[in-house]
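Notes to accompany the following structure.
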Amino acid sequence: PPRRDLKLETLAEILEGQRLVHAHAYRGDEILQLMRLAEEFGFRVSTFQHVLEGYKVADELAAHGAGASTFSDWWAYKVEAYDAIPHNAALMTERGVLVSINSDSGEEMRHLNQEAAKAMRWGGLSEAEALKLVTLNPAIQLGIADRVGSVEVGKDADLVIFDGHPLSVYGVVDKTFVDGTVYFDREHDRERQRQLEAEKQALGWHLDGRVTAVLGTHTHVPTADACVLPKGTAFMCDVGMTGPYASVLGREVRPVVERFIDGMPRRFDVEIG
């Protein structure tokens, strides 16, 4: 028998409609090109990712049956994004495209609710339409709407409780449930923070300069009598630190092994001189 080819198997699954196609595209001509190719070979693009010029080809997207997962208001950060506009999500929604808002960022994912709310300001979507951009619509695009995306009997109990409107910048998360289990409770978290602060105070060490934490499998309290910290003890530096130096109890910290993250000295083994 012929050798198994996983790449060709994937293409076969696409042609047979067994595998969803999520394709990255920014510009309108790229989007049209792939939809025409898909229609020529008899398959459908399930969702376009980023799709910043989707508003230019919204009718074509709707006719093809493709969804769009876009940004709320990112533009002009490279050539393909020059024509992006914050009205994109709302315009595509109005033309019948299933739209979601994505983050493409480990930071922005924390406030996608606020990113969705921007479609109310830029495009005039209703509260329900805006909320769907980060709940039911992406669940449909991923093929998991039978389990998540809306609060319905029989679905996974993945819920967030806010102390205000979930689309407001003033709405703060009180509780988070995953499969019905409480994963976050603000009151419990405040108590945990108080306990951690009390534990830090009980350790009795103080850090001068720009060192903000002592980390590692073994924590050594720097004192006047213990001037050299063993290898493996790591210092976490502030992002704004200009060099891999700080001071502990007024003594200079010299790096032994530096570890750089994004070009900044964040962690290093140290000696204290």
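Letters for chains follow the order of the structure tokens (A, B, ...), residue numbers begin at 1 for each chain, and ligand numbers begin at 1 in the order shown.
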Set the distance at 10 Å and use only C-alpha atoms: which residues neighbour segment 138-140 of chain A once local chain neighbours fewer than 5 positions away are removed? I'd like the list as a PyMOL selection string. chain A and resi 47+67-69+98-102+132-133+145-150
Would you mind exporting the chosen residues as a short mmCIF file (atom, residue, chain, number, x, y, z; two decimals), in the first residue's frame, restricted to all heavy atoms?
data_model
loop_
_atom_site.label_atom_id
_atom_site.label_comp_id
_atom_site.auth_asym_id
_atom_site.auth_seq_id
_atom_site.Cartn_x
_atom_site.Cartn_y
_atom_site.Cartn_z
N THR A 47 -14.17 30.11 8.35
CA THR A 47 -13.95 31.40 9.00
C THR A 47 -12.63 32.00 8.51
O THR A 47 -11.62 31.30 8.42
CB THR A 47 -13.90 31.26 10.52
OG1 THR A 47 -15.10 30.64 10.99
CG2 THR A 47 -13.76 32.62 11.20
N GLY A 67 -17.48 32.86 7.94
CA GLY A 67 -17.47 33.72 9.10
C GLY A 67 -16.24 34.60 9.08
O GLY A 67 -15.35 34.44 8.25
N ALA A 68 -16.18 35.54 10.03
CA ALA A 68 -15.03 36.45 10.12
C ALA A 68 -14.68 36.68 11.58
O ALA A 68 -15.54 37.04 12.38
CB ALA A 68 -15.34 37.78 9.44
N SER A 69 -13.43 36.45 11.91
CA SER A 69 -12.95 36.70 13.27
C SER A 69 -11.92 37.81 13.19
O SER A 69 -10.80 37.59 12.73
CB SER A 69 -12.33 35.43 13.86
OG SER A 69 -11.96 35.63 15.22
N LEU A 98 -21.29 36.05 9.95
CA LEU A 98 -21.13 35.64 11.34
C LEU A 98 -19.77 36.13 11.82
O LEU A 98 -18.73 35.65 11.38
CB LEU A 98 -21.22 34.12 11.48
CG LEU A 98 -21.18 33.58 12.91
CD1 LEU A 98 -22.47 33.93 13.66
CD2 LEU A 98 -20.95 32.08 12.92
N VAL A 99 -19.77 37.09 12.75
CA VAL A 99 -18.54 37.79 13.13
C VAL A 99 -18.19 37.53 14.59
O VAL A 99 -19.07 37.47 15.45
CB VAL A 99 -18.69 39.32 12.91
CG1 VAL A 99 -17.40 40.05 13.32
CG2 VAL A 99 -19.03 39.61 11.45
N SER A 100 -16.91 37.39 14.85
CA SER A 100 -16.41 37.34 16.22
C SER A 100 -15.23 38.29 16.35
O SER A 100 -14.63 38.69 15.36
CB SER A 100 -15.98 35.92 16.61
OG SER A 100 -14.87 35.51 15.83
N ILE A 101 -14.92 38.66 17.58
CA ILE A 101 -13.75 39.50 17.87
C ILE A 101 -12.69 38.62 18.50
O ILE A 101 -12.96 37.89 19.45
CB ILE A 101 -14.11 40.65 18.85
CG1 ILE A 101 -15.12 41.61 18.22
CG2 ILE A 101 -12.85 41.40 19.27
CD1 ILE A 101 -14.57 42.43 17.07
N ASN A 102 -11.47 38.67 17.96
CA ASN A 102 -10.39 37.90 18.58
C ASN A 102 -9.32 38.84 19.13
O ASN A 102 -9.33 40.05 18.86
CB ASN A 102 -9.79 36.88 17.59
CG ASN A 102 -9.03 37.52 16.46
OD1 ASN A 102 -8.11 38.30 16.67
ND2 ASN A 102 -9.40 37.17 15.22
N LYS A 132 -22.56 38.81 21.51
CA LYS A 132 -22.39 37.60 20.70
C LYS A 132 -21.02 37.55 20.03
O LYS A 132 -20.54 36.45 19.72
CB LYS A 132 -23.49 37.52 19.64
CG LYS A 132 -24.85 37.09 20.15
CD LYS A 132 -25.84 36.99 19.00
CE LYS A 132 -27.20 36.53 19.48
NZ LYS A 132 -28.17 36.43 18.35
N LEU A 133 -20.41 38.70 19.81
CA LEU A 133 -19.10 38.72 19.14
C LEU A 133 -18.04 37.96 19.92
O LEU A 133 -17.03 37.53 19.35
CB LEU A 133 -18.64 40.18 18.94
CG LEU A 133 -19.48 41.06 18.01
CD1 LEU A 133 -18.93 42.48 18.01
CD2 LEU A 133 -19.52 40.50 16.60
N ALA A 145 -20.79 25.16 19.58
CA ALA A 145 -21.93 25.91 20.13
C ALA A 145 -22.92 25.01 20.85
O ALA A 145 -23.79 25.51 21.58
CB ALA A 145 -22.64 26.67 19.02
N ASP A 146 -22.79 23.70 20.67
CA ASP A 146 -23.66 22.79 21.42
C ASP A 146 -23.24 22.67 22.87
O ASP A 146 -23.99 22.14 23.70
CB ASP A 146 -23.66 21.40 20.77
CG ASP A 146 -22.27 20.78 20.72
OD1 ASP A 146 -21.28 21.53 20.54
OD2 ASP A 146 -22.17 19.55 20.85
N ARG A 147 -22.04 23.21 23.19
CA ARG A 147 -21.53 23.09 24.57
C ARG A 147 -21.32 24.44 25.25
O ARG A 147 -21.51 24.55 26.45
CB ARG A 147 -20.20 22.33 24.56
CG ARG A 147 -20.30 20.88 24.12
CD ARG A 147 -18.98 20.18 24.28
NE ARG A 147 -18.46 20.30 25.64
CZ ARG A 147 -17.25 19.89 26.00
NH1 ARG A 147 -16.44 19.36 25.10
NH2 ARG A 147 -16.87 20.03 27.25
N VAL A 148 -20.90 25.44 24.48
CA VAL A 148 -20.57 26.74 25.07
C VAL A 148 -21.13 27.86 24.19
O VAL A 148 -21.67 27.62 23.13
CB VAL A 148 -19.05 26.93 25.23
CG1 VAL A 148 -18.46 25.89 26.17
CG2 VAL A 148 -18.35 26.86 23.88
N GLY A 149 -21.00 29.09 24.67
CA GLY A 149 -21.38 30.25 23.88
C GLY A 149 -22.64 30.95 24.33
O GLY A 149 -22.85 32.12 24.02
N SER A 150 -23.47 30.25 25.07
CA SER A 150 -24.71 30.86 25.58
C SER A 150 -25.13 30.12 26.84
O SER A 150 -24.69 29.00 27.10
CB SER A 150 -25.82 30.81 24.53
OG SER A 150 -26.10 29.47 24.15
#
Compile the contact shell of segment 180-196 of chain A as a PyMOL selection string: residues with an atom at most 8 Å away, counting only C-alpha atoms, same-chain residues fewer than 3 positions apart removed. chain A and resi 156-159+173-177+199-200
Judged by only C-alpha atoms, the minimum distance to Ser126 of chain A among A:Ile85, A:Val153, A:Ile161, A:Leu167 is found for A:Leu167
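If you count only C-alpha atoms and ignore residues fewer than 5 places along the chain from Glu39 of chain A, what sits within 12 Å of it is Leu15, Leu32, Gln33, Leu34, Arg44, Val45, Glu60, Ala63, His64, Gly65 and Ala66 of chain A.
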With C-alpha atoms retained, export the selected residues as a CSV table (one decimal), in the first residue's frame.
chain,number,residue,atom,x,y,z
A,15,LEU,CA,-12.7,18.5,0.0
A,32,LEU,CA,-11.9,36.9,-2.7
A,33,GLN,CA,-9.1,34.8,-4.1
A,34,LEU,CA,-9.5,32.0,-1.5
A,44,ARG,CA,-16.3,26.3,2.0
A,45,VAL,CA,-14.0,28.5,4.0
A,60,GLU,CA,-19.3,38.0,-0.9
A,63,ALA,CA,-22.9,34.6,0.1
A,64,HIS,CA,-20.0,32.2,0.5
A,65,GLY,CA,-21.1,31.4,4.1
A,66,ALA,CA,-17.8,32.3,5.6
Could you pull out all residues of segment 4-205 of chain A with a DSSP call of strand (DSSP E) and give them as a VMD selection string? chain A and resid 22 to 25 47 to 50 67 to 70 99 to 101 159 to 162 173 to 178 181 to 185
What separates atom CA of Asn88 of chain A and atom CA of Gly143 of chain A is a distance of 23.2 Å
Quick one: DSSP helix (DSSP H, G or I) residues in segment 24-213 of chain A, as number ranges by chain? A: 28-41, 54-64, 79-81, 88-94, 108-121, 127-132, 136-142, 186-203
Among listed residues A:His111, A:His22, A:Arg27, A:Arg121, nearest Val172 of chain A (using only C-alpha atoms): A:His111
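Atom pair atom CA of His165 of chain A / atom CA of Glu127 of chain A has a distance of 10.1 Å (rounded to one decimal).
Between atom CA of Glu80 of chain A and atom CA of Phe41 of chain A the separation is 26.7 Å.
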Which residues of segment 114-196 of chain A sit at most 10 Å from segment 73-76 of chain A, using only C-alpha atoms? Give each one's shortest atom pair and distance in Å (one decimal place), in chain and ascending residue order, as a Markdown table.
| residue | atom | partner | partner_atom | distance |
| --- | --- | --- | --- | --- |
| A:Glu115 | CA | A:Asp73 | CA | 8.2 |
| A:Lys118 | CA | A:Asp73 | CA | 8.0 |
| A:Ala119 | CA | A:Asp73 | CA | 9.1 |
| A:Trp122 | CA | A:Asp73 | CA | 9.1 |
Any chance you could export the current selection's C-alpha atoms as a compact mmCIF listing (two decimals), in the first residue's frame?
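So the final result, stored in again_10.txt, reads:
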# COMPACT_ATOMS: atom_id res chain seq x y z
CA GLU A 115 -13.26 45.01 22.68
CA LYS A 118 -16.39 48.98 20.71
CA ALA A 119 -18.66 47.66 17.95
CA TRP A 122 -18.15 52.08 15.97
